[in-house]
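Peer 1: Dropping a structure here in structure tokens format, bear with me for questions.
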Amino acid sequence: MCKVELLMLVRLRGVIGFFVLMICLPAGAGNQVAYLPGPSENRLHVLHSLSDGTVLAGGQASDLEWVPTGVPVRQLQNANIDSSSPGAVAFVAHLSQDLSAVLSVTHFPPGSVRSVDRIRSTERPGEHTGSLFISGRRDQNGWQRTGYFIARLNGNFVDAMPTGLTWSYEVKAEPRRAGGRNGESAYKTIQPWDVNASGEVYFGSGSEYDWDWAMIEKLDASGQRTTVEHWPVHWIVNGGECYSPASECAGEVGRSGIVLKAGRRGSLRSRTQAEFDRRKSDGNGRIDRPGTFPDDYFFSGPCGQSSCPAGPGHTGYRTSDKPTQRLGGIAVDRASGAVAIGYSTQSRLPGGNPDFEPAIVVFDADGQLRWWNRLYEETNANSSPDQYVDALEIDHVHARVVVLARAHGNNVINFWRGNEVDASPGARGFQNRFTGTNGNIHLSWLGAFDLASGALAAATYIAEYPNSTGGLGGPHPDPKLAHWPDPNQGWPNLNTTRCRNHIALGSDGSIGVVCTGRRPITTDNAHQPMLTFDQGHSKWSDFARVYTPDLSGMRYSTLLTNGWDGTSAGDPNAVALTALLIDQTEIRVAGFQSMTENVSPVPTVNAPPWMSSGPNLPGTGILAILSTEPVEPPEYLFRDRFRAR
């Protein structure tokens with residue numbers, strides 16, 4: 001199979017050496033990488049495992065001509081969502097466990113909603129599939145009506161096939177006024193929401209870093225906005241707001257919320273001087289961090305009934321003139337009902353320079369604050385890099401909150417280092433810290449926090465190399481990475497590494513991401529390895545990676561991108577990996593490729609009958625199953641091939 005694919009690629013690209021490396025390194029013999037068939041333009045956005053082993057794949061297509069003949073196709077009958085997306089069909093494909101067959105396709109009416117981007121369900125991992133919930137993008141001509149939808153399907157594909165929606169809710173997420181009305185709000189692209197074991201949904205809406213509005217609300221099991229006893233603000237049915245517990249409000253409470261507009265009543269800000277002055281743990285050794293709530297950081301006092309003072313806060317920070325905050329993720333613990341949120345605030349440093357500050361916050365099911373974490377040590381010296389929360393997930397195996405975050409810029413006060421974990425003195429991250437001198441770059445980061453206490457349990461940077469660099473250390477001690485330098489040695493430059501708003505978790509707590517980098521580290525069993533420094537030019541590439549539960553090791557890492565010859569920067573990165581599922585011995589990956597005449601395809605292998613070994617124009621979905629089992633690497637990989645030039 002490898003030789004057949006190689007010959008095809010030689011004819012396409014006219015090169016041999018690089019593709020020998022790219023395809024013929026030892027890897028799982030059962031690897032499967034293929035495209036959704038044409039002539040439709042289609043994209044895959046999400047994968048979801050069901051308890052019977054089958055898989056759901058959600059996305060969008062220009063039509064359904066790609067669905068194999070004879071496969072049941074069902075249009076949702078009551079999907080009356082306010083959206084108009086001409087030329088788009090949002091779908092959920094039900095696939096066999098090995099992705100070799102399409103079992104059915106469920107779709108929205110053509111030209112209505114644009115896509116299916118997220119799928120969640122009510123069960124804990126390992127339990128029988130519960131109720132299924134989906135979300136996707138809504139489009140309208142008028143910017144005031146754009147956003148996303150959340151819906152509950154009336155079947156879960158295991159016990160019954162869905163024929164319609166039990167309910168749906170239209171979330172407003174308009175483009176930012178502050179940045180003009182081009183593009184989409186992060187609330188529309190990220191779609192921050194999750195569901196608890198009872199089928200109640202927590203969601204965010206609005207526009208980030210703006211003058212307008214953003215907030216978090218809750219839907220009950222029937223899809224209606226509802227109350228949370230101890231959330232910061234409640235709206236009275238006959239008008240007005242209440243900032244006491246919901247049961248103590250005068251008048252009937254219609255709904256509750258967390259206002260994501262720093263400084264306003266109802267935001268995550270102390271209400272009394274005692275709360276404002278309280279010293280609490282920062283989750284990593286310090287017990288005197290001021291402020292009961294994270295937004296206290298920016299203000300000179302509490303936001304009480306009689307006054308709500310402005311900034312600056314105790315370190316000189318203040319909010320910017322665009323106070324709405326960006327919600328990067330919501331995750332709900334199916335066991336306790338605890339709710340974790342992660343967000344960032346546009347702020348100003350004492351000298352007036354712009355900045356962005358992150359925070360994760362965990363509430364009990366009734367809205368009582370458990371803990372919050374800034375993701376770095378708060379000192380009188382401020383953390384000047386822009387920092388964002390990009391995704392959250394609950395690790396039910398270890399009762400942890402897993403956080404994907406990102407920093408734009410270099411500074412000694414940055415995210416928690418992997419080898420400075422107070423709760424585990426001997427801990428180390430796969431990549432403990434940023435290195436090098438590059439400042440104008442985005443570096444990603446993973447952290448795990450105890451769900452009950454907020455204590456940092458593990459951390460690692462996700463920060464890949466540029467095309468070339470000095471300052472490399474010795475060989476990595478892990479045999480499957482021996483052809484790469486250890487990122488915790490030396491002081492190499494790093495390059496921008498950005499990950500999708502998605503975290504995958506394995507049954508053992510393994511943590512997976514899909515990201516983009518210039519020269520990502522790959523394991524020797526990768527389906528598509530990256531060239532080491534002396535083997536040729538790298539290129540911007542999407543990659544899928546799985547870390548060990550303690551974030552100290554890399555279980556598997558592979559590129560999945562369009563090819564290049566290694567003599568130059570190569571074709572632009574035309575692949576977007578969007579979703580990842582982790583099993584014991586393999587991963588499943590989804591995404592799509594945008595095609596033009598001068599962009600090469602992804603190396604495919606073992607395409608099942610219903611899929612294609614080549615892409616179609618102008619773009620097409622990608623599905624893969626890749627073995628993560630170790631292999632015996634070739635001897636030459638252990639040579640000293642990566643010393644600094």
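Residue numbering restarts at 1 for every chain of the structure tokens, chains are lettered A, B, ... in their displayed order, and ligands are numbered from 1 as they appear.
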Counting only C-alpha atoms, give me one row per residue of region 29-55 of chain A with an atom at most 12 Å from an atom of region 501-508 of chain A, showing the shortest contact pair and its distance in Å to one decimal, sorted by chain then residue number, as a tab-separated table.

Peer 2:
```
residue	atom	partner	partner_atom	distance
A:His45	CA	A:His502	CA	10.5
A:Val46	CA	A:His502	CA	9.4
A:Leu47	CA	A:Ala504	CA	10.1
A:His48	CA	A:Ala504	CA	10.2
A:Ser49	CA	A:Ala504	CA	11.2
```

Peer 1: What parts of region 499-600 of chain A does DSSP call strand (DSSP E)? I'd like the answer as an mmCIF file with all heavy atoms, in the first residue's frame.

Peer 2:
```
data_model
loop_
_atom_site.group_PDB
_atom_site.id
_atom_site.type_symbol
_atom_site.label_atom_id
_atom_site.label_comp_id
_atom_site.auth_asym_id
_atom_site.auth_seq_id
_atom_site.Cartn_x
_atom_site.Cartn_y
_atom_site.Cartn_z
ATOM 1 N N CYS A 499 -3.942 26.090 18.758
ATOM 2 C CA CYS A 499 -4.759 24.878 18.781
ATOM 3 C C CYS A 499 -6.226 25.223 18.579
ATOM 4 O O CYS A 499 -6.672 26.328 18.905
ATOM 5 C CB CYS A 499 -4.577 24.139 20.102
ATOM 6 S SG CYS A 499 -2.859 23.644 20.431
ATOM 7 N N ALA A 504 -9.537 16.645 23.695
ATOM 8 C CA ALA A 504 -9.997 15.250 23.698
ATOM 9 C C ALA A 504 -9.418 14.545 24.912
ATOM 10 O O ALA A 504 -8.267 14.787 25.289
ATOM 11 C CB ALA A 504 -9.557 14.539 22.418
ATOM 12 N N LEU A 505 -10.201 13.667 25.525
ATOM 13 C CA LEU A 505 -9.753 12.919 26.696
ATOM 14 C C LEU A 505 -9.925 11.428 26.456
ATOM 15 O O LEU A 505 -10.965 10.987 25.955
ATOM 16 C CB LEU A 505 -10.543 13.332 27.937
ATOM 17 C CG LEU A 505 -10.326 14.772 28.415
ATOM 18 C CD1 LEU A 505 -11.276 15.101 29.551
ATOM 19 C CD2 LEU A 505 -8.887 14.995 28.846
ATOM 20 N N ILE A 511 -4.684 13.239 27.293
ATOM 21 C CA ILE A 511 -5.198 14.534 26.857
ATOM 22 C C ILE A 511 -4.742 14.791 25.428
ATOM 23 O O ILE A 511 -3.541 14.743 25.133
ATOM 24 C CB ILE A 511 -4.711 15.654 27.783
ATOM 25 C CG1 ILE A 511 -5.180 15.384 29.224
ATOM 26 C CG2 ILE A 511 -5.212 17.014 27.300
ATOM 27 C CD1 ILE A 511 -4.576 16.315 30.248
ATOM 28 N N GLY A 512 -5.680 15.056 24.537
ATOM 29 C CA GLY A 512 -5.363 15.245 23.128
ATOM 30 C C GLY A 512 -5.769 16.609 22.615
ATOM 31 O O GLY A 512 -6.735 17.220 23.095
ATOM 32 N N VAL A 513 -5.028 17.092 21.618
ATOM 33 C CA VAL A 513 -5.296 18.383 20.984
ATOM 34 C C VAL A 513 -5.027 18.271 19.488
ATOM 35 O O VAL A 513 -4.293 17.387 19.028
ATOM 36 C CB VAL A 513 -4.416 19.507 21.576
ATOM 37 C CG1 VAL A 513 -4.851 19.850 22.996
ATOM 38 C CG2 VAL A 513 -2.934 19.123 21.543
ATOM 39 N N VAL A 514 -5.617 19.174 18.727
ATOM 40 C CA VAL A 514 -5.287 19.345 17.305
ATOM 41 C C VAL A 514 -4.866 20.797 17.124
ATOM 42 O O VAL A 514 -5.572 21.716 17.532
ATOM 43 C CB VAL A 514 -6.462 18.970 16.381
ATOM 44 C CG1 VAL A 514 -6.614 17.475 16.301
ATOM 45 C CG2 VAL A 514 -7.772 19.598 16.837
ATOM 46 N N CYS A 515 -3.697 20.996 16.519
ATOM 47 C CA CYS A 515 -3.062 22.319 16.510
ATOM 48 C C CYS A 515 -2.376 22.563 15.166
ATOM 49 O O CYS A 515 -2.284 21.672 14.321
ATOM 50 C CB CYS A 515 -2.019 22.421 17.623
ATOM 51 S SG CYS A 515 -2.565 21.884 19.259
ATOM 52 N N THR A 516 -1.840 23.776 15.032
ATOM 53 C CA THR A 516 -1.034 24.166 13.877
ATOM 54 C C THR A 516 0.313 24.676 14.357
ATOM 55 O O THR A 516 0.375 25.495 15.278
ATOM 56 C CB THR A 516 -1.730 25.265 13.067
ATOM 57 O OG1 THR A 516 -3.035 24.842 12.695
ATOM 58 C CG2 THR A 516 -0.928 25.591 11.808
ATOM 59 N N GLY A 517 1.404 24.191 13.747
ATOM 60 C CA GLY A 517 2.742 24.654 14.093
ATOM 61 C C GLY A 517 3.656 24.605 12.889
ATOM 62 O O GLY A 517 3.311 24.031 11.853
ATOM 63 N N SER A 541 1.912 23.219 9.453
ATOM 64 C CA SER A 541 1.178 21.954 9.342
ATOM 65 C C SER A 541 0.218 21.804 10.509
ATOM 66 O O SER A 541 0.516 22.211 11.640
ATOM 67 C CB SER A 541 2.145 20.760 9.352
ATOM 68 O OG SER A 541 3.091 20.854 8.313
ATOM 69 N N ASP A 542 -0.909 21.178 10.246
ATOM 70 C CA ASP A 542 -1.797 20.765 11.324
ATOM 71 C C ASP A 542 -1.336 19.420 11.854
ATOM 72 O O ASP A 542 -0.876 18.560 11.089
ATOM 73 C CB ASP A 542 -3.241 20.684 10.842
ATOM 74 C CG ASP A 542 -3.967 22.014 11.006
ATOM 75 O OD1 ASP A 542 -3.336 23.057 10.750
ATOM 76 O OD2 ASP A 542 -5.148 22.011 11.382
ATOM 77 N N PHE A 543 -1.465 19.233 13.169
ATOM 78 C CA PHE A 543 -1.041 17.976 13.771
ATOM 79 C C PHE A 543 -2.004 17.572 14.876
ATOM 80 O O PHE A 543 -2.695 18.419 15.467
ATOM 81 C CB PHE A 543 0.392 18.067 14.306
ATOM 82 C CG PHE A 543 0.618 19.093 15.392
ATOM 83 C CD1 PHE A 543 0.580 18.742 16.737
ATOM 84 C CD2 PHE A 543 0.900 20.418 15.069
ATOM 85 C CE1 PHE A 543 0.804 19.678 17.737
ATOM 86 C CE2 PHE A 543 1.136 21.368 16.059
ATOM 87 C CZ PHE A 543 1.082 20.995 17.394
ATOM 88 N N ALA A 544 -2.065 16.273 15.122
ATOM 89 C CA ALA A 544 -2.859 15.701 16.212
ATOM 90 C C ALA A 544 -1.903 15.113 17.225
ATOM 91 O O ALA A 544 -0.936 14.436 16.853
ATOM 92 C CB ALA A 544 -3.808 14.628 15.681
ATOM 93 N N ARG A 545 -2.184 15.338 18.505
ATOM 94 C CA ARG A 545 -1.243 14.924 19.546
ATOM 95 C C ARG A 545 -1.997 14.434 20.773
ATOM 96 O O ARG A 545 -3.037 14.993 21.137
ATOM 97 C CB ARG A 545 -0.332 16.091 19.912
ATOM 98 C CG ARG A 545 0.656 15.782 21.031
ATOM 99 C CD ARG A 545 1.625 16.925 21.235
ATOM 100 N NE ARG A 545 2.474 17.114 20.051
ATOM 101 C CZ ARG A 545 3.280 18.142 19.885
ATOM 102 N NH1 ARG A 545 3.326 19.106 20.798
ATOM 103 N NH2 ARG A 545 4.030 18.228 18.806
ATOM 104 N N VAL A 546 -1.427 13.418 21.428
ATOM 105 C CA VAL A 546 -1.971 12.894 22.678
ATOM 106 C C VAL A 546 -0.868 12.889 23.724
ATOM 107 O O VAL A 546 0.197 12.303 23.520
ATOM 108 C CB VAL A 546 -2.532 11.474 22.498
ATOM 109 C CG1 VAL A 546 -3.089 10.955 23.823
ATOM 110 C CG2 VAL A 546 -3.616 11.451 21.421
ATOM 111 N N TYR A 547 -1.117 13.557 24.852
ATOM 112 C CA TYR A 547 -0.197 13.577 25.981
ATOM 113 C C TYR A 547 -0.625 12.547 27.025
ATOM 114 O O TYR A 547 -1.799 12.168 27.109
ATOM 115 C CB TYR A 547 -0.191 14.956 26.648
ATOM 116 C CG TYR A 547 0.418 16.060 25.825
ATOM 117 C CD1 TYR A 547 -0.385 16.888 25.042
ATOM 118 C CD2 TYR A 547 1.789 16.299 25.834
ATOM 119 C CE1 TYR A 547 0.165 17.922 24.293
ATOM 120 C CE2 TYR A 547 2.351 17.325 25.088
ATOM 121 C CZ TYR A 547 1.535 18.129 24.315
ATOM 122 O OH TYR A 547 2.085 19.148 23.580
ATOM 123 N N MET A 554 4.607 12.347 25.784
ATOM 124 C CA MET A 554 3.839 12.415 24.557
ATOM 125 C C MET A 554 3.555 10.986 24.102
ATOM 126 O O MET A 554 4.465 10.243 23.745
ATOM 127 C CB MET A 554 4.622 13.179 23.482
ATOM 128 C CG MET A 554 3.821 13.513 22.242
ATOM 129 S SD MET A 554 4.827 14.426 21.032
ATOM 130 C CE MET A 554 5.004 16.002 21.860
ATOM 131 N N ARG A 555 2.307 10.611 24.149
ATOM 132 C CA ARG A 555 1.933 9.260 23.736
ATOM 133 C C ARG A 555 1.997 9.095 22.220
ATOM 134 O O ARG A 555 2.436 8.074 21.704
ATOM 135 C CB ARG A 555 0.518 8.957 24.251
ATOM 136 C CG ARG A 555 -0.042 7.621 23.843
ATOM 137 C CD ARG A 555 -1.433 7.415 24.422
ATOM 138 N NE ARG A 555 -2.192 6.438 23.666
ATOM 139 C CZ ARG A 555 -3.496 6.246 23.770
ATOM 140 N NH1 ARG A 555 -4.185 6.961 24.642
ATOM 141 N NH2 ARG A 555 -4.124 5.352 23.043
ATOM 142 N N TYR A 556 1.555 10.121 21.501
ATOM 143 C CA TYR A 556 1.515 10.030 20.035
ATOM 144 C C TYR A 556 1.408 11.435 19.470
ATOM 145 O O TYR A 556 0.753 12.310 20.047
ATOM 146 C CB TYR A 556 0.303 9.210 19.597
ATOM 147 C CG TYR A 556 0.168 9.030 18.091
ATOM 148 C CD1 TYR A 556 0.999 8.153 17.399
ATOM 149 C CD2 TYR A 556 -0.789 9.728 17.372
ATOM 150 C CE1 TYR A 556 0.873 7.972 16.024
ATOM 151 C CE2 TYR A 556 -0.926 9.558 16.000
ATOM 152 C CZ TYR A 556 -0.090 8.679 15.337
ATOM 153 O OH TYR A 556 -0.209 8.505 13.974
ATOM 154 N N SER A 557 2.059 11.660 18.343
ATOM 155 C CA SER A 557 1.961 12.942 17.658
ATOM 156 C C SER A 557 2.229 12.730 16.181
ATOM 157 O O SER A 557 3.223 12.094 15.811
ATOM 158 C CB SER A 557 2.973 13.943 18.240
ATOM 159 O OG SER A 557 2.873 15.200 17.597
ATOM 160 N N THR A 558 1.344 13.247 15.344
ATOM 161 C CA THR A 558 1.503 13.091 13.897
ATOM 162 C C THR A 558 1.005 14.325 13.170
ATOM 163 O O THR A 558 0.065 14.993 13.624
ATOM 164 C CB THR A 558 0.730 11.871 13.382
ATOM 165 O OG1 THR A 558 1.015 11.671 11.989
ATOM 166 C CG2 THR A 558 -0.769 12.023 13.560
ATOM 167 N N LEU A 559 1.638 14.639 12.051
ATOM 168 C CA LEU A 559 1.062 15.603 11.123
ATOM 169 C C LEU A 559 -0.096 14.940 10.397
ATOM 170 O O LEU A 559 -0.137 13.720 10.234
ATOM 171 C CB LEU A 559 2.081 16.048 10.080
ATOM 172 C CG LEU A 559 3.437 16.598 10.523
ATOM 173 C CD1 LEU A 559 4.218 17.059 9.292
ATOM 174 C CD2 LEU A 559 3.287 17.704 11.522
ATOM 175 N N VAL A 575 -4.944 22.401 5.348
ATOM 176 C CA VAL A 575 -5.711 21.449 6.146
ATOM 177 C C VAL A 575 -6.065 22.071 7.487
ATOM 178 O O VAL A 575 -5.222 22.703 8.132
ATOM 179 C CB VAL A 575 -4.923 20.146 6.359
ATOM 180 C CG1 VAL A 575 -5.643 19.214 7.317
ATOM 181 C CG2 VAL A 575 -4.696 19.456 5.023
ATOM 182 N N ALA A 576 -7.306 21.902 7.908
ATOM 183 C CA ALA A 576 -7.740 22.300 9.248
ATOM 184 C C ALA A 576 -8.231 21.050 9.962
ATOM 185 O O ALA A 576 -9.267 20.482 9.582
ATOM 186 C CB ALA A 576 -8.849 23.342 9.176
ATOM 187 N N LEU A 577 -7.469 20.582 10.955
ATOM 188 C CA LEU A 577 -7.948 19.494 11.798
ATOM 189 C C LEU A 577 -8.853 20.082 12.867
ATOM 190 O O LEU A 577 -8.515 21.082 13.507
ATOM 191 C CB LEU A 577 -6.777 18.744 12.432
ATOM 192 C CG LEU A 577 -5.806 18.077 11.461
ATOM 193 C CD1 LEU A 577 -4.747 17.297 12.234
ATOM 194 C CD2 LEU A 577 -6.531 17.160 10.475
ATOM 195 N N THR A 578 -10.001 19.476 13.077
ATOM 196 C CA THR A 578 -11.030 20.080 13.923
ATOM 197 C C THR A 578 -11.453 19.211 15.093
ATOM 198 O O THR A 578 -12.021 19.737 16.053
ATOM 199 C CB THR A 578 -12.280 20.381 13.085
ATOM 200 O OG1 THR A 578 -12.702 19.178 12.416
ATOM 201 C CG2 THR A 578 -11.994 21.455 12.032
ATOM 202 N N ALA A 579 -11.226 17.895 15.046
ATOM 203 C CA ALA A 579 -11.760 17.025 16.092
ATOM 204 C C ALA A 579 -10.883 15.805 16.265
ATOM 205 O O ALA A 579 -10.232 15.338 15.325
ATOM 206 C CB ALA A 579 -13.190 16.595 15.750
ATOM 207 N N LEU A 580 -10.898 15.262 17.489
ATOM 208 C CA LEU A 580 -10.045 14.132 17.847
ATOM 209 C C LEU A 580 -10.781 13.269 18.857
ATOM 210 O O LEU A 580 -11.387 13.783 19.796
ATOM 211 C CB LEU A 580 -8.734 14.659 18.448
ATOM 212 C CG LEU A 580 -7.737 13.658 19.026
ATOM 213 C CD1 LEU A 580 -7.156 12.780 17.929
ATOM 214 C CD2 LEU A 580 -6.621 14.402 19.757
ATOM 215 N N LEU A 581 -10.730 11.957 18.664
ATOM 216 C CA LEU A 581 -11.199 10.975 19.644
ATOM 217 C C LEU A 581 -10.029 10.071 19.997
ATOM 218 O O LEU A 581 -9.249 9.680 19.127
ATOM 219 C CB LEU A 581 -12.345 10.129 19.083
ATOM 220 C CG LEU A 581 -13.654 10.838 18.760
ATOM 221 C CD1 LEU A 581 -14.646 9.847 18.144
ATOM 222 C CD2 LEU A 581 -14.265 11.483 19.995
ATOM 223 N N ILE A 582 -9.906 9.708 21.282
ATOM 224 C CA ILE A 582 -8.795 8.891 21.760
ATOM 225 C C ILE A 582 -9.327 7.546 22.240
ATOM 226 O O ILE A 582 -10.211 7.489 23.088
ATOM 227 C CB ILE A 582 -8.052 9.582 22.919
ATOM 228 C CG1 ILE A 582 -7.569 10.969 22.513
ATOM 229 C CG2 ILE A 582 -6.886 8.733 23.387
ATOM 230 C CD1 ILE A 582 -6.997 11.777 23.666
ATOM 231 N N GLU A 586 -5.569 3.695 19.397
ATOM 232 C CA GLU A 586 -5.683 4.461 18.166
ATOM 233 C C GLU A 586 -6.413 5.773 18.436
ATOM 234 O O GLU A 586 -7.012 5.967 19.501
ATOM 235 C CB GLU A 586 -6.417 3.653 17.091
ATOM 236 C CG GLU A 586 -7.820 3.248 17.483
ATOM 237 C CD GLU A 586 -8.424 2.230 16.533
ATOM 238 O OE1 GLU A 586 -7.674 1.623 15.748
ATOM 239 O OE2 GLU A 586 -9.651 2.042 16.583
ATOM 240 N N ILE A 587 -6.327 6.655 17.480
ATOM 241 C CA ILE A 587 -7.089 7.897 17.529
ATOM 242 C C ILE A 587 -7.903 8.018 16.253
ATOM 243 O O ILE A 587 -7.574 7.427 15.218
ATOM 244 C CB ILE A 587 -6.185 9.133 17.685
ATOM 245 C CG1 ILE A 587 -5.218 9.271 16.497
ATOM 246 C CG2 ILE A 587 -5.444 9.103 19.008
ATOM 247 C CD1 ILE A 587 -4.432 10.586 16.497
ATOM 248 N N ARG A 588 -8.978 8.776 16.332
ATOM 249 C CA ARG A 588 -9.771 9.158 15.169
ATOM 250 C C ARG A 588 -9.686 10.670 15.030
ATOM 251 O O ARG A 588 -9.838 11.388 16.014
ATOM 252 C CB ARG A 588 -11.221 8.698 15.328
ATOM 253 C CG ARG A 588 -11.389 7.191 15.233
ATOM 254 C CD ARG A 588 -12.724 6.736 15.794
ATOM 255 N NE ARG A 588 -12.879 5.300 15.647
ATOM 256 C CZ ARG A 588 -12.290 4.383 16.411
ATOM 257 N NH1 ARG A 588 -11.488 4.774 17.395
ATOM 258 N NH2 ARG A 588 -12.485 3.097 16.208
ATOM 259 N N VAL A 589 -9.457 11.124 13.819
ATOM 260 C CA VAL A 589 -9.235 12.541 13.558
ATOM 261 C C VAL A 589 -10.147 12.974 12.421
ATOM 262 O O VAL A 589 -10.361 12.222 11.456
ATOM 263 C CB VAL A 589 -7.765 12.832 13.178
ATOM 264 C CG1 VAL A 589 -7.512 14.330 13.101
ATOM 265 C CG2 VAL A 589 -6.807 12.194 14.167
ATOM 266 N N ALA A 590 -10.683 14.187 12.531
ATOM 267 C CA ALA A 590 -11.514 14.744 11.464
ATOM 268 C C ALA A 590 -11.052 16.155 11.151
ATOM 269 O O ALA A 590 -10.440 16.837 11.981
ATOM 270 C CB ALA A 590 -12.984 14.746 11.857
ATOM 271 N N GLY A 591 -11.379 16.604 9.938
ATOM 272 C CA GLY A 591 -11.068 17.960 9.522
ATOM 273 C C GLY A 591 -11.489 18.170 8.093
ATOM 274 O O GLY A 591 -12.364 17.474 7.575
ATOM 275 N N PHE A 592 -10.841 19.105 7.438
ATOM 276 C CA PHE A 592 -11.148 19.349 6.032
ATOM 277 C C PHE A 592 -9.962 20.035 5.383
ATOM 278 O O PHE A 592 -9.094 20.593 6.046
ATOM 279 C CB PHE A 592 -12.421 20.196 5.873
ATOM 280 C CG PHE A 592 -12.375 21.532 6.563
ATOM 281 C CD1 PHE A 592 -11.902 22.666 5.913
ATOM 282 C CD2 PHE A 592 -12.824 21.657 7.866
ATOM 283 C CE1 PHE A 592 -11.864 23.892 6.550
ATOM 284 C CE2 PHE A 592 -12.793 22.883 8.517
ATOM 285 C CZ PHE A 592 -12.317 24.006 7.858
ATOM 286 N N GLN A 593 -9.918 19.988 4.057
ATOM 287 C CA GLN A 593 -8.859 20.615 3.281
ATOM 288 C C GLN A 593 -9.473 21.537 2.259
ATOM 289 O O GLN A 593 -10.433 21.183 1.563
ATOM 290 C CB GLN A 593 -7.995 19.568 2.573
ATOM 291 C CG GLN A 593 -6.872 20.178 1.738
ATOM 292 C CD GLN A 593 -5.884 19.155 1.210
ATOM 293 O OE1 GLN A 593 -6.029 17.975 1.453
ATOM 294 N NE2 GLN A 593 -4.872 19.612 0.497
ATOM 295 N N SER A 594 -8.924 22.746 2.166
ATOM 296 C CA SER A 594 -9.310 23.688 1.120
ATOM 297 C C SER A 594 -8.363 23.482 -0.055
ATOM 298 O O SER A 594 -7.145 23.555 0.101
ATOM 299 C CB SER A 594 -9.218 25.123 1.635
ATOM 300 O OG SER A 594 -10.085 25.311 2.725
#
```

Peer 1: Please produce, as JSON lines, a per-residue contact table for region 240-317 of chain A versus region 217-236 of chain A (criterion: any atom at most 9 Å away, only C-alpha atoms considered), showing the nearest atom pair and its distance in Å to one decimal, sorted by chain then residue number.

Peer 2:
```
{"residue": "A:Gly240", "atom": "CA", "partner": "A:Ile236", "partner_atom": "CA", "distance": 5.4}
{"residue": "A:Glu241", "atom": "CA", "partner": "A:Trp235", "partner_atom": "CA", "distance": 4.6}
{"residue": "A:Cys242", "atom": "CA", "partner": "A:His234", "partner_atom": "CA", "distance": 5.1}
{"residue": "A:Tyr243", "atom": "CA", "partner": "A:Val233", "partner_atom": "CA", "distance": 4.8}
{"residue": "A:Ser244", "atom": "CA", "partner": "A:Val233", "partner_atom": "CA", "distance": 7.5}
{"residue": "A:Pro245", "atom": "CA", "partner": "A:His230", "partner_atom": "CA", "distance": 5.0}
{"residue": "A:Ala246", "atom": "CA", "partner": "A:Glu229", "partner_atom": "CA", "distance": 4.8}
{"residue": "A:Ser247", "atom": "CA", "partner": "A:Glu229", "partner_atom": "CA", "distance": 6.7}
{"residue": "A:Cys249", "atom": "CA", "partner": "A:His234", "partner_atom": "CA", "distance": 8.2}
{"residue": "A:Ala250", "atom": "CA", "partner": "A:Ile236", "partner_atom": "CA", "distance": 8.1}
{"residue": "A:Gly251", "atom": "CA", "partner": "A:Ile236", "partner_atom": "CA", "distance": 6.2}
{"residue": "A:Glu252", "atom": "CA", "partner": "A:Ile236", "partner_atom": "CA", "distance": 5.6}
{"residue": "A:Val253", "atom": "CA", "partner": "A:Ile236", "partner_atom": "CA", "distance": 4.5}
{"residue": "A:Gly254", "atom": "CA", "partner": "A:Ile236", "partner_atom": "CA", "distance": 5.6}
{"residue": "A:Arg255", "atom": "CA", "partner": "A:Thr227", "partner_atom": "CA", "distance": 4.5}
{"residue": "A:Ser256", "atom": "CA", "partner": "A:His234", "partner_atom": "CA", "distance": 4.2}
{"residue": "A:Gly257", "atom": "CA", "partner": "A:Glu217", "partner_atom": "CA", "distance": 4.8}
{"residue": "A:Ile258", "atom": "CA", "partner": "A:Pro232", "partner_atom": "CA", "distance": 5.8}
{"residue": "A:Val259", "atom": "CA", "partner": "A:Val233", "partner_atom": "CA", "distance": 7.7}
{"residue": "A:Arg265", "atom": "CA", "partner": "A:Val233", "partner_atom": "CA", "distance": 7.6}
{"residue": "A:Gly266", "atom": "CA", "partner": "A:Pro232", "partner_atom": "CA", "distance": 4.7}
{"residue": "A:Ser267", "atom": "CA", "partner": "A:Pro232", "partner_atom": "CA", "distance": 6.5}
{"residue": "A:Leu268", "atom": "CA", "partner": "A:Pro232", "partner_atom": "CA", "distance": 7.2}
{"residue": "A:Arg269", "atom": "CA", "partner": "A:Pro232", "partner_atom": "CA", "distance": 8.6}
```

Peer 1: Selection from above, C-alpha atoms, as a compact mmCIF listing (two decimals), in the first residue's frame, can you write it?

Peer 2:
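Output saved as part_7.txt:
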```
# COMPACT_ATOMS: atom_id res chain seq x y z
CA GLY A 240 -35.55 44.90 37.28
CA GLU A 241 -32.52 43.02 38.51
CA CYS A 242 -31.64 41.34 41.80
CA TYR A 243 -28.15 40.60 43.15
CA SER A 244 -29.12 38.49 46.17
CA PRO A 245 -29.62 34.71 46.04
CA ALA A 246 -32.58 34.00 43.75
CA SER A 247 -34.78 32.74 46.60
CA CYS A 249 -35.29 38.33 45.50
CA ALA A 250 -38.47 40.39 45.68
CA GLY A 251 -40.72 39.33 42.85
CA GLU A 252 -40.69 36.33 40.56
CA VAL A 253 -37.25 35.54 39.13
CA GLY A 254 -37.36 34.64 35.46
CA ARG A 255 -33.72 33.82 34.79
CA SER A 256 -30.21 34.16 36.16
CA GLY A 257 -26.87 35.00 34.62
CA ILE A 258 -23.21 35.85 34.88
CA VAL A 259 -22.55 39.14 33.13
CA ARG A 265 -23.02 44.61 38.59
CA GLY A 266 -23.69 40.96 37.96
CA SER A 267 -20.14 40.26 36.77
CA LEU A 268 -17.55 38.15 38.61
CA ARG A 269 -16.71 40.84 41.13
```
